[in-house]
Amino acid sequence: MNGSPAQKAGGQKASKQEAGSVPAHEEAPLHPRHELSEVLHQPVRFSIAASLSRTESLDFKDLRNTIQVSDSVLSKQLSALEKAGFVEIKKAFVGKFPRTSVKLTAAGTQAWEHHLATLRLIAGE
């Protein structure tokens, strides 16, 4: 649930201070997990971003082989990352053969770095 810490599981705001809770005027800071990217948190998209963060760009087949997924799985997850503005996909021909390359955008790099830093914060590193 993305509600405030003052909300109960049913979505209702607490009407009175519960034993051991922080007074409303002194709300506890949100747990760092609220800073995680919903887009990058999915395991295949996380793996894509991790792979792309180490290089300028990767060919589709090299990326597929690196993260060990099928073409259809990779294509679907790249579409989600592209829609979020995190990757740029370029299609070209090398001779008669199509070639697709993928790279992180500036927004994707920033989101990846923030997501990774948040995971480290949660892990206590």
# chains A, B, ... in the order shown; residues from 1 in each chain; ligands from 1
>>> select_by_dssp(residues="stretch 19-118 of chain A", states="alpha helix (DSSP H)", output="VMD selection string")
chain A and resid 38 to 41 43 to 52 60 to 67 71 to 83 106 to 118
>>> closest_residue(among="A:Ser37, A:Thr66, A:Gly95, A:Lys90", to="A:Ser51", atoms="only C-alpha atoms")
A:Thr66
>>> residues_around(residues="A:Ala111", least_positions_apart="6", cutoff="10 Å", atoms="only C-alpha atoms", output="list in words")
Leu36, Ser37, Val39, Leu40, Ala49, Phe86, Leu104, Thr105 and Ala117 of chain A
>>> write_last_selection(atoms="N, CA and C atoms", output="short mmCIF file (atom, residue, chain, number, x, y, z; two decimals), in the first residue's frame")
data_model
loop_
_atom_site.label_atom_id
_atom_site.label_comp_id
_atom_site.auth_asym_id
_atom_site.auth_seq_id
_atom_site.Cartn_x
_atom_site.Cartn_y
_atom_site.Cartn_z
N LEU A 36 12.07 3.01 -4.00
CA LEU A 36 12.42 2.07 -5.06
C LEU A 36 11.56 2.32 -6.31
N SER A 37 12.17 2.13 -7.46
CA SER A 37 11.46 2.29 -8.73
C SER A 37 10.60 1.06 -8.99
N VAL A 39 9.31 0.38 -11.75
CA VAL A 39 9.71 -0.09 -13.08
C VAL A 39 10.94 -0.99 -12.97
N LEU A 40 11.94 -0.56 -12.23
CA LEU A 40 13.20 -1.30 -12.15
C LEU A 40 13.16 -2.45 -11.15
N ALA A 49 18.76 -3.24 -16.77
CA ALA A 49 19.38 -1.98 -16.35
C ALA A 49 20.79 -2.22 -15.83
N PHE A 86 13.38 4.96 -19.85
CA PHE A 86 14.64 4.50 -19.27
C PHE A 86 15.62 3.93 -20.29
N LEU A 104 20.83 2.72 -22.03
CA LEU A 104 20.12 3.48 -21.00
C LEU A 104 20.10 4.95 -21.41
N THR A 105 18.98 5.61 -21.16
CA THR A 105 18.90 7.05 -21.35
C THR A 105 19.47 7.72 -20.10
N ALA A 117 21.17 2.68 -5.05
CA ALA A 117 21.54 3.33 -3.79
C ALA A 117 20.49 3.05 -2.71
#
>>> atom_distance(atom1="atom CA of A:Glu27", atom2="atom CA of A:Leu121")
20.3 Å
>>> select_by_dssp(residues="stretch 26-107 of chain A", states="strand (DSSP E)", output="PyMOL selection string")
chain A and resi 58-59+87-94+97-104
>>> closest_residue(among="A:Ser101, A:Lys83, A:Trp112, A:Leu78", to="A:Ser57", atoms="only C-alpha atoms")
A:Ser101
>>> atom_distance(atom1="atom CA of A:Lys91", atom2="atom CA of A:Phe60")
9.8 Å
>>> closest_residue(among="A:Leu30, A:Val102, A:Val94, A:Ile89", to="A:Asp59", atoms="only C-alpha atoms")
A:Val102
>>> residues_around(residues="A:His41", least_positions_apart="6", cutoff="12 Å", atoms="only C-alpha atoms", output="PyMOL selection string")
chain A and resi 33-35+47-50+77+81+111-112+114-116+118-119
>>> write_last_selection(atoms="N, CA, C and O atoms", output="tab-separated table (two decimals), in the first residue's frame")
chain	number	residue	atom	x	y	z
A	33	ARG	N	12.17	1.83	1.19
A	33	ARG	CA	11.55	1.04	0.12
A	33	ARG	C	10.57	1.86	-0.72
A	33	ARG	O	10.32	1.56	-1.87
A	34	HIS	N	10.05	2.94	-0.13
A	34	HIS	CA	9.13	3.80	-0.87
A	34	HIS	C	9.84	4.56	-1.99
A	34	HIS	O	9.20	5.12	-2.86
A	35	GLU	N	11.18	4.58	-1.96
A	35	GLU	CA	11.98	5.25	-2.98
A	35	GLU	C	12.34	4.32	-4.14
A	35	GLU	O	12.89	4.77	-5.14
A	47	SER	N	17.72	-6.63	-14.23
A	47	SER	CA	18.88	-7.25	-14.90
A	47	SER	C	19.26	-6.50	-16.16
A	47	SER	O	20.45	-6.34	-16.47
A	48	ILE	N	18.27	-6.03	-16.91
A	48	ILE	CA	18.54	-5.24	-18.12
A	48	ILE	C	19.28	-3.96	-17.75
A	48	ILE	O	20.32	-3.63	-18.33
A	49	ALA	N	18.76	-3.24	-16.77
A	49	ALA	CA	19.38	-1.98	-16.35
A	49	ALA	C	20.79	-2.22	-15.83
A	49	ALA	O	21.71	-1.45	-16.13
A	50	ALA	N	20.98	-3.29	-15.07
A	50	ALA	CA	22.31	-3.61	-14.54
A	50	ALA	C	23.29	-3.85	-15.68
A	50	ALA	O	24.41	-3.34	-15.67
A	77	GLN	N	9.90	-6.64	-21.82
A	77	GLN	CA	10.46	-5.83	-20.75
A	77	GLN	C	11.16	-4.58	-21.27
A	77	GLN	O	11.13	-3.53	-20.63
A	81	LEU	N	10.46	-0.59	-20.30
A	81	LEU	CA	11.52	0.36	-19.96
A	81	LEU	C	11.53	1.54	-20.93
A	81	LEU	O	11.78	2.68	-20.52
A	111	ALA	N	17.67	6.82	-12.73
A	111	ALA	CA	16.75	5.93	-12.01
A	111	ALA	C	17.48	4.70	-11.50
A	111	ALA	O	17.25	4.26	-10.37
A	112	TRP	N	18.37	4.13	-12.32
A	112	TRP	CA	19.14	2.96	-11.92
A	112	TRP	C	20.02	3.27	-10.72
A	112	TRP	O	20.05	2.53	-9.74
A	114	HIS	N	19.71	5.64	-8.50
A	114	HIS	CA	18.89	5.90	-7.31
A	114	HIS	C	18.32	4.60	-6.75
A	114	HIS	O	18.32	4.38	-5.53
A	115	HIS	N	17.85	3.73	-7.62
A	115	HIS	CA	17.29	2.44	-7.20
A	115	HIS	C	18.36	1.62	-6.48
A	115	HIS	O	18.11	1.07	-5.40
A	116	LEU	N	19.54	1.55	-7.06
A	116	LEU	CA	20.63	0.77	-6.47
A	116	LEU	C	21.08	1.36	-5.13
A	116	LEU	O	21.30	0.62	-4.17
A	118	THR	N	19.23	3.03	-3.10
A	118	THR	CA	18.16	2.75	-2.14
A	118	THR	C	18.24	1.31	-1.64
A	118	THR	O	18.07	1.05	-0.45
A	119	LEU	N	18.52	0.37	-2.55
A	119	LEU	CA	18.69	-1.02	-2.12
A	119	LEU	C	19.84	-1.15	-1.14
A	119	LEU	O	19.74	-1.87	-0.13
>>> atom_distance(atom1="atom CA of A:Ala107", atom2="atom CA of A:Val44")
18.4 Å
